[in-house]
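*Asks:* Mind having a look at this structure? Questions to follow.
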Amino acid sequence: MEYEIKRNIWIGVGTGSLFLAAILLCLELFQTQHIEKPEKRISFVAAFTTESYWAMACGGAMEEGEKYNFDVKGLSSVEMSAEKLIANLESAIYSDVDGIITYGMRGSEEFVQTLEKADAQGIPVVLIDSDVDTEHKLGYVGSNNYLSGQRAGNEMAKDCGGKGKILVVVSYLETANQIDRVAGFRDALEQYPDMEIVEILEGESNVTMGQEVIMDALLEKPEINGIFCAEGVSACSAGYVMEKLEKDCEDIHVYAYDYSGPINEWLEQGYMSGTIQQDPKGMGKLAVRMLEEYMRTGTLAEKEIYTDTALITKENLEDSKNIDYGSMDIQWHYY
Amino acid sequence: MQLILGMALLALLCFFFFHGVSIWQYQKNMDKVLVLNDFFSELDMNYRKLYLYVQDGEKEALDELGDSRKRLDERMNALEDVQISEGFVRDIQDLYFVLQHYKEQSFLIQEKMQGGKTGTFTPQLLGEAVTLYRKAGEIYQVMSAQYKDLHLTLIHEANIVQTSLNTRVVQCYMLMIIIALIFVTLSVRHASRLAEGIAEPIQTLTAGAKFVRTGDIDQFQSVVIAPSSYDEITTLVAVFNMTIHQLKDYIQVMEENARTTEALHIQEMENLRITSLLKASELKALQMQMNPHFLFNTLNMISRSVDMGDTDRTVLMLHKTAQLLRYSLDYSGRMATLAKEIEMLGNYVFLQEQRFGSRIFFDFDLDECFHQIQVPSFILQPLVENSVVHGLGGNTRKGIVEIRTRYLPEEKTGQISIADNGEGMTRETQKRVMAGLDSDQEQREKIGLANVNMRLKLLFGENYMLEIFSNPGEGTEIRITLKKIER
């Protein structure tokens, strides 16, 4: 009898727990999932996503957006493409979003037209990373590209002992931020009569392409003793070329932008002299903050906000490692 | 066994349940993808309808466009209900606004085309409609461009949901396995305990059986097991105990029977012996009743009396002798009252008095209150004869024989005593006589006392007692005590 009762108890316990598990599972399944719509919809239209730079900018914007219940959606194309950028902007504009954060593409009539369109629909657009001079934007957040270029130029001149033939690599000649950087760089070199820019190359935001042009240039002009990469992708290209040619920065001084690829190692191994680290995350955050301020007050106290830049060299490499530059996982929309 | 089967069934049920849930969820996700596909296929259709309408401006095309627009709205609503993730909801929200722009263009086109139908149609209006159509196309492209991304997002999110569900299902499985393991552990523990619970009482039972087998069944009490043992074992042990006890009882009965039979046998033997003794004693009694010497002496005495011419005395003597003979004939081997016996003793005494004259004196002291009891015939005469023989033998003085009966009412006991004043017996002789009463048959037959003793003993058994009181030179008293008699 006792045995019987015990057995029944255990069967009861077993059945009970299994049923409990099943009920919990069902509850989880059948709970009507309702997602609250965000207060504001922001579209972050990035230039391209081959580098973590834009992911960090977008991540910063998303982080900041959460504070204000802004939904930040990242739109981008894999590679730099004016057409895609404008298409993404169009998409955002047709979606009647509450705000757009995008990269300022200078020298493009269409881009300005698109901004105009947004403005007409009352959508504020904040430009980050590079600025475009138009009244249709709300404001600009980014590094002071001219100043950072100037700083790189001074460092380069110092390294070369005021005497050097410098190769400049950009993504595209018309790219706004790089125009500023190169301008700053050039102005810095002006102070040194023996410093000169021998060539400006386009790497087309493509690491392989960049390697090719840099390699050719170096072979063609062996007198080159300095490379200035005005953006992150060509920095990567230059690094690989240096590695392949086994030239360290005693032979060729390399100054670059951003913190992509194995730059850390190159700095450590001496293939690269220094890199100008921008604050993409801060850019994203500030851009959202700017939109929020505008939406709340209808005006902006500051139309241009410059984020910090830092020169990372072998000496302060350790410090730079402490900075949160970890890549962010962004669900990009590629329309 | 039932437990394991139950568990297996339960596990199977759960397995089906979880799989069902998983499949159901998958179906739900697939439905969402279908909703998305429906929207975009309708969008394509709508754009085509718009094209056709702009082309010919017919009412049918307009109607179809309107229907398609309605469907588009419905599907948009369905799409808005797909709350799979924040990102997707946001995307659909964006898409919704784009769709509104598209519809706006569509309505504008309709307006222009309607204007054309009402007669105010101009090439300029057509041109405007075409421009609007181009704009609509642009917006259509914006939406179409989102299809791939939306599709991927949806699949991705659905996959996440499915994965999390699957994880939960796996967790449920794990829970099930853990429960099953607990069950198995408990079952094993329980089984071993069960085995112990069975084995231990069985061992006790076996020990009990062994004990019985060695033959000590009388020493066997009961097999005692723990009270918490299982029913079956308890029953088994109880039945075993019962069987053994019944066996014991049976053996006892058999032993009892054997003993009884033996006792009966002994009794029978005794009876046989007694019967033979009786026969012998009866013969003896018969012999003794009329001792030939006594008869000869009496007849001799009567003859002398006739010679002397004493007729009266002769007649009396003959009468007494005749009475004695009559008694002898009538009561030989039978019972008579004590009164009758004493009456006949009187006749005998009379004849002895006639013979011995003043040499002997008979004294009767009788308590007749119990004289109606039945006694064997001729029990007193031999005793008196002994007293006469032993009392007078070689004795020169006057012999006295006292015949006394007495009743003790408190003890319900009657006493018959025959005493003489003869030469008496030594202690040794007394002992020999007393021993001779019960033992040797040969000797017993020789002695009248033994014969009397035996016959009284046969009749009264335990309630009878014979005592001899005697001292050398002081005479002998034979006392017969009969207990438990009524007056």
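Going through the structure tokens in order, the chains are called A, B, and so on, while each chain numbers its residues from 1 and the ligands are numbered from 1 in the order shown.
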Output the contact residues of chain B with respect to chain A at a cut-off of 6 Å, based on only C-alpha atoms, as a ChimeraX atom specification.

*Replies:* /B:94,97-98,142,145-146

*Asks:* Within 12 Å of segment 107-116 of chain A, counting only C-alpha atoms, which residues qualify if same-chain residues fewer than 6 places away don't, as an NGL selection string?

*Replies:* :A and (81-94 or 99-101 or 122-127 or 130-139 or 172-177 or 179)

*Asks:* Where does DSSP see alpha helix (DSSP H) in segment 375-421 of chain B, if you list the residues as a list of chain:residue names?

*Replies:*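 Result set for segment 375-421 of chain B (alpha helix (DSSP H)): B:Leu380, B:Gln381, B:Pro382, B:Leu383, B:Val384, B:Glu385, B:Asn386, B:Ser387, B:Val388, B:Val389, B:His390, B:Gly391, B:Leu392.
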
*Asks:* Selection from above, N, CA, C and O atoms, as a PDB file, in the first residue's frame, can you write it?

*Replies:*
ATOM      1  N   LEU B 380     -16.959 -61.222  54.879  1.00  0.00           N
ATOM      2  CA  LEU B 380     -16.724 -61.185  56.326  1.00  0.00           C
ATOM      3  C   LEU B 380     -16.362 -62.561  56.881  1.00  0.00           C
ATOM      4  O   LEU B 380     -15.520 -62.705  57.759  1.00  0.00           O
ATOM      5  N   GLN B 381     -17.002 -63.595  56.309  1.00  0.00           N
ATOM      6  CA  GLN B 381     -16.812 -64.968  56.834  1.00  0.00           C
ATOM      7  C   GLN B 381     -15.343 -65.404  56.830  1.00  0.00           C
ATOM      8  O   GLN B 381     -14.841 -65.909  57.835  1.00  0.00           O
ATOM      9  N   PRO B 382     -14.586 -65.143  55.659  1.00  0.00           N
ATOM     10  CA  PRO B 382     -13.188 -65.557  55.659  1.00  0.00           C
ATOM     11  C   PRO B 382     -12.380 -64.837  56.739  1.00  0.00           C
ATOM     12  O   PRO B 382     -11.475 -65.422  57.338  1.00  0.00           O
ATOM     13  N   LEU B 383     -12.736 -63.515  56.949  1.00  0.00           N
ATOM     14  CA  LEU B 383     -11.963 -62.752  57.936  1.00  0.00           C
ATOM     15  C   LEU B 383     -12.192 -63.315  59.339  1.00  0.00           C
ATOM     16  O   LEU B 383     -11.250 -63.470  60.137  1.00  0.00           O
ATOM     17  N   VAL B 384     -13.459 -63.625  59.593  1.00  0.00           N
ATOM     18  CA  VAL B 384     -13.793 -64.175  60.925  1.00  0.00           C
ATOM     19  C   VAL B 384     -13.127 -65.540  61.089  1.00  0.00           C
ATOM     20  O   VAL B 384     -12.601 -65.871  62.158  1.00  0.00           O
ATOM     21  N   GLU B 385     -13.157 -66.285  59.987  1.00  0.00           N
ATOM     22  CA  GLU B 385     -12.529 -67.613  60.009  1.00  0.00           C
ATOM     23  C   GLU B 385     -11.042 -67.494  60.358  1.00  0.00           C
ATOM     24  O   GLU B 385     -10.511 -68.253  61.174  1.00  0.00           O
ATOM     25  N   ASN B 386     -10.387 -66.489  59.729  1.00  0.00           N
ATOM     26  CA  ASN B 386      -8.979 -66.214  60.049  1.00  0.00           C
ATOM     27  C   ASN B 386      -8.792 -65.935  61.531  1.00  0.00           C
ATOM     28  O   ASN B 386      -7.880 -66.462  62.165  1.00  0.00           O
ATOM     29  N   SER B 387      -9.713 -65.078  62.042  1.00  0.00           N
ATOM     30  CA  SER B 387      -9.608 -64.685  63.445  1.00  0.00           C
ATOM     31  C   SER B 387      -9.768 -65.906  64.350  1.00  0.00           C
ATOM     32  O   SER B 387      -9.043 -66.060  65.353  1.00  0.00           O
ATOM     33  N   VAL B 388     -10.726 -66.780  63.941  1.00  0.00           N
ATOM     34  CA  VAL B 388     -10.977 -67.995  64.746  1.00  0.00           C
ATOM     35  C   VAL B 388      -9.726 -68.874  64.725  1.00  0.00           C
ATOM     36  O   VAL B 388      -9.228 -69.288  65.777  1.00  0.00           O
ATOM     37  N   VAL B 389      -9.194 -69.059  63.491  1.00  0.00           N
ATOM     38  CA  VAL B 389      -8.039 -69.948  63.340  1.00  0.00           C
ATOM     39  C   VAL B 389      -6.828 -69.379  64.064  1.00  0.00           C
ATOM     40  O   VAL B 389      -6.212 -70.036  64.888  1.00  0.00           O
ATOM     41  N   HIS B 390      -6.501 -68.063  63.684  1.00  0.00           N
ATOM     42  CA  HIS B 390      -5.270 -67.466  64.222  1.00  0.00           C
ATOM     43  C   HIS B 390      -5.455 -67.042  65.671  1.00  0.00           C
ATOM     44  O   HIS B 390      -4.526 -67.075  66.452  1.00  0.00           O
ATOM     45  N   GLY B 391      -6.747 -66.667  65.929  1.00  0.00           N
ATOM     46  CA  GLY B 391      -7.010 -66.189  67.292  1.00  0.00           C
ATOM     47  C   GLY B 391      -6.968 -67.329  68.318  1.00  0.00           C
ATOM     48  O   GLY B 391      -6.529 -67.139  69.450  1.00  0.00           O
ATOM     49  N   LEU B 392      -7.401 -68.486  67.898  1.00  0.00           N
ATOM     50  CA  LEU B 392      -7.494 -69.566  68.852  1.00  0.00           C
ATOM     51  C   LEU B 392      -6.333 -70.553  68.772  1.00  0.00           C
ATOM     52  O   LEU B 392      -6.082 -71.285  69.720  1.00  0.00           O
TER      53      LEU B 392
END

*Asks:* With only C-alpha atoms as the counted atoms, please give the residues lying no more than 9 Å from Ala183 of chain A, apart from itself and same-chain residues fewer than 2 positions off, as a PyMOL selection string.

*Replies:* chain A and resi 145-146+149-150+178-181+185-188

*Asks:* Would you please give, as a list in words, all residues of segment 20-144 of chain A that DSSP assigns to strand (DSSP E or B) based on the backbone?

*Replies:* Lys40, Arg41, Ile42, Ser43, Phe44, Val45, Phe70, Asp71, Val72, Lys73, Gly74, Leu75, Gly99, Ile100, Ile101, Thr102, Tyr103, Val125, Val126, Leu127, Ile128, Gly139, Tyr140, Val141, Gly142 and Ser143 of chain A

*Asks:* Please compute the atom CA of Met215 of chain A-atom CA of Lys244 of chain A distance, one decimal, in Å.

*Replies:*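 About the pair atom CA of Met215 of chain A and atom CA of Lys244 of chain A: they are 9.4 Å apart.
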
*Asks:* Could you tell me how far atom CA of Thr321 of chain B sits from atom CA of Phe296 of chain B, in Å to one decimal place?

*Replies:*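 Separation of atom CA of Phe296 of chain B and atom CA of Thr321 of chain B: 11.4 Å.
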
*Asks:* Can you pull out every residue within 6 Å of segment 195-203 of chain A, counting only C-alpha atoms, but drop anything in the same chain fewer than 6 positions away, and send it as an NGL selection string?

*Replies:* :A and (163-172 or 189 or 209-210 or 234)

*Asks:* Dump C-alpha atoms for the selected residues as a compact mmCIF listing (two decimals), in the first residue's frame?

*Replies:*
# COMPACT_ATOMS: atom_id res chain seq x y z
CA LYS A 163 62.78 67.25 -45.72
CA GLY A 164 60.60 64.88 -47.59
CA LYS A 165 58.65 63.79 -50.60
CA ILE A 166 55.18 62.87 -49.48
CA LEU A 167 52.59 60.62 -51.10
CA VAL A 168 48.99 61.46 -50.21
CA VAL A 169 46.26 58.83 -50.53
CA VAL A 170 42.55 59.66 -50.36
CA SER A 171 39.45 57.65 -51.15
CA TYR A 172 38.13 60.11 -53.68
CA LEU A 189 53.93 71.40 -44.97
CA MET A 209 42.81 49.00 -54.91
CA GLY A 210 44.67 51.24 -52.46
CA SER A 234 43.86 53.76 -47.51

*Asks:* Mind giving me the straight-line distance from atom CA of Ile225 of chain B to atom CA of Arg189 of chain B in Å, one decimal?

*Replies:*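 Answer for the atom CA of Ile225 of chain B to atom CA of Arg189 of chain B separation: 21.5 Å.
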